[in-house]
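Here the structure comes first, spelled out in structure tokens, and everything after it is commentary.
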Protein chains: 2
Amino acid sequence: MLLTEEELRQQVSKLEGWKLENDILMRKYMFNEYMKGIAFVDAVAAISEAFEHHPHITIDYKTVTLRLTSIEAGGITPLDVREAHEFNEAFEKNR
Amino acid sequence: MLLTEEELRQQVSKLEGWKLENDILMRKYMFNEYMKGIAFVDAVAAISEAFEHHPHITIDYKTVTLRLTSIEAGGITPLDVREAHEFNEAFEKNR
């Protein structure tokens, strides 16, 4: 089930650091050490396996970018939003 | 020191799976399990730290793409080629 535009805007406003890129939720996470970014990616991978829903990840030296969407649903669902909250919690533990 | 076009073409032909994308060396690695791709990324990160030279990494579910270039030198150097060989060795151990 997709979120309506209004629901989406409201929920994204509560998601620290996340932005909308058309039908994609995106956040860039910055680290002060390369290996901290890699440890964060390991945490993101474990969360994604638990959710059975995997974000697109890019690692550009100390910057890790996550992009979430639900291709089957054609946009962003409550699952994407819940997962984004978990990634933020993992960031607080790994930063 | 940049490689000449001729040297580059010759060296890339010996690098299994790697292609030239303008001034960038690129390879896509495919895994049959998501967590195998993540373990490979961990190995890539350790190699990059040893080389003090970090590839651009994307993780798209079970596909990990690496891109290597030496921005300071303005293109591909022997260091990029040596590192690509090490990533291929790590892939053979983690696939």
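Just remember, in the structure tokens the first chain shown is A, the second B, etc., residues are 1-based per chain, and ligands are 1-based in the order shown.
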Would you superpose chain A on chain B, least squares on all C-alpha atoms in order, and hand back the fitted chain as a short mmCIF file (atom, residue, chain, number, x, y, z; two decimals) with C-alpha atoms, in the first residue's frame?
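part.cif was written with the following content:
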```
data_model
loop_
_atom_site.label_atom_id
_atom_site.label_comp_id
_atom_site.auth_asym_id
_atom_site.auth_seq_id
_atom_site.Cartn_x
_atom_site.Cartn_y
_atom_site.Cartn_z
CA MET A 1 51.67 8.55 -13.42
CA LEU A 2 48.87 7.79 -15.86
CA LEU A 3 48.95 4.75 -18.09
CA THR A 4 49.04 5.40 -21.84
CA GLU A 5 46.00 4.32 -23.81
CA GLU A 6 47.90 1.34 -25.20
CA GLU A 7 49.20 0.21 -21.77
CA LEU A 8 45.75 0.65 -20.34
CA ARG A 9 44.05 -1.44 -23.01
CA GLN A 10 46.62 -4.21 -22.57
CA GLN A 11 46.36 -4.24 -18.76
CA VAL A 12 42.57 -4.12 -18.71
CA SER A 13 42.44 -7.11 -21.05
CA LYS A 14 44.19 -9.11 -18.29
CA LEU A 15 41.77 -7.91 -15.61
CA GLU A 16 38.89 -10.39 -15.61
CA GLY A 17 35.50 -8.70 -15.70
CA TRP A 18 36.74 -5.10 -15.62
CA LYS A 19 35.73 -2.57 -18.26
CA LEU A 20 36.76 0.97 -19.10
CA GLU A 21 34.15 3.69 -18.58
CA ASN A 22 36.04 6.76 -19.88
CA ASP A 23 38.61 7.48 -17.12
CA ILE A 24 37.16 4.89 -14.77
CA LEU A 25 37.76 1.15 -14.31
CA MET A 26 34.49 -0.64 -13.54
CA ARG A 27 33.44 -4.16 -12.59
CA LYS A 28 30.10 -5.59 -11.51
CA TYR A 29 30.32 -8.61 -9.18
CA MET A 30 27.28 -10.86 -8.88
CA PHE A 31 26.55 -13.02 -5.81
CA ASN A 32 23.96 -15.71 -5.16
CA GLU A 33 23.31 -14.42 -1.62
CA TYR A 34 22.99 -10.83 -0.41
CA MET A 35 25.26 -11.37 2.62
CA LYS A 36 28.02 -12.78 0.41
CA GLY A 37 28.06 -9.47 -1.44
CA ILE A 38 28.28 -7.65 1.89
CA ALA A 39 31.20 -9.87 3.03
CA PHE A 40 32.92 -9.02 -0.26
CA VAL A 41 32.40 -5.28 0.42
CA ASP A 42 34.05 -5.78 3.83
CA ALA A 43 37.05 -7.39 2.09
CA VAL A 44 37.14 -4.57 -0.49
CA ALA A 45 37.13 -2.00 2.33
CA ALA A 46 40.09 -3.68 4.09
CA ILE A 47 42.07 -3.76 0.82
CA SER A 48 41.22 -0.10 0.12
CA GLU A 49 42.45 0.94 3.55
CA ALA A 50 45.73 -0.90 2.95
CA PHE A 51 46.13 0.83 -0.44
CA GLU A 52 44.87 4.15 0.98
CA HIS A 53 42.80 4.31 -2.19
CA HIS A 54 39.04 3.75 -2.06
CA PRO A 55 36.84 2.64 -4.95
CA HIS A 56 33.33 3.96 -5.41
CA ILE A 57 31.04 1.09 -4.34
CA THR A 58 27.39 0.48 -5.10
CA ILE A 59 25.34 -2.36 -3.63
CA ASP A 60 22.21 -3.13 -5.59
CA TYR A 61 20.79 -6.21 -3.85
CA LYS A 62 23.10 -9.09 -4.94
CA THR A 63 25.20 -6.98 -7.33
CA VAL A 64 28.23 -5.05 -6.09
CA THR A 65 29.79 -2.56 -8.51
CA LEU A 66 33.27 -1.12 -8.00
CA ARG A 67 34.65 1.93 -9.82
CA LEU A 68 38.31 2.88 -9.59
CA THR A 69 40.15 5.95 -10.78
CA SER A 70 42.89 8.28 -9.51
CA ILE A 71 41.30 11.73 -9.45
CA GLU A 72 44.60 13.43 -8.44
CA ALA A 73 46.29 11.95 -11.55
CA GLY A 74 43.30 12.59 -13.82
CA GLY A 75 42.75 8.98 -14.85
CA ILE A 76 43.78 5.38 -14.32
CA THR A 77 47.20 4.59 -12.82
CA PRO A 78 49.12 1.33 -12.15
CA LEU A 79 47.80 1.55 -8.56
CA ASP A 80 44.20 1.24 -9.80
CA VAL A 81 45.15 -1.81 -11.86
CA ARG A 82 46.96 -3.51 -8.95
CA GLU A 83 44.04 -2.84 -6.67
CA ALA A 84 41.55 -4.23 -9.21
CA HIS A 85 43.57 -7.48 -9.28
CA GLU A 86 43.32 -7.70 -5.48
CA PHE A 87 39.55 -7.13 -5.60
CA ASN A 88 39.28 -10.02 -8.08
CA GLU A 89 41.24 -12.26 -5.72
CA ALA A 90 38.96 -11.28 -2.84
CA PHE A 91 35.97 -12.10 -5.04
CA GLU A 92 37.30 -15.61 -5.70
CA LYS A 93 37.52 -16.13 -1.92
CA ASN A 94 34.09 -14.64 -1.10
CA ARG A 95 31.87 -15.67 -4.01
#
```
Using DSSP on the backbone, list every residue of chain B that comes out as alpha helix (DSSP H), and give them as a ChimeraX atom specification.
/B:5-13,34-51,78-94
Legend entry - strand (DSSP E) residues, from DSSP on the backbone, in chain B, as a VMD selection string: chain B and resid 19 to 21 24 to 30 56 to 60 63 to 68
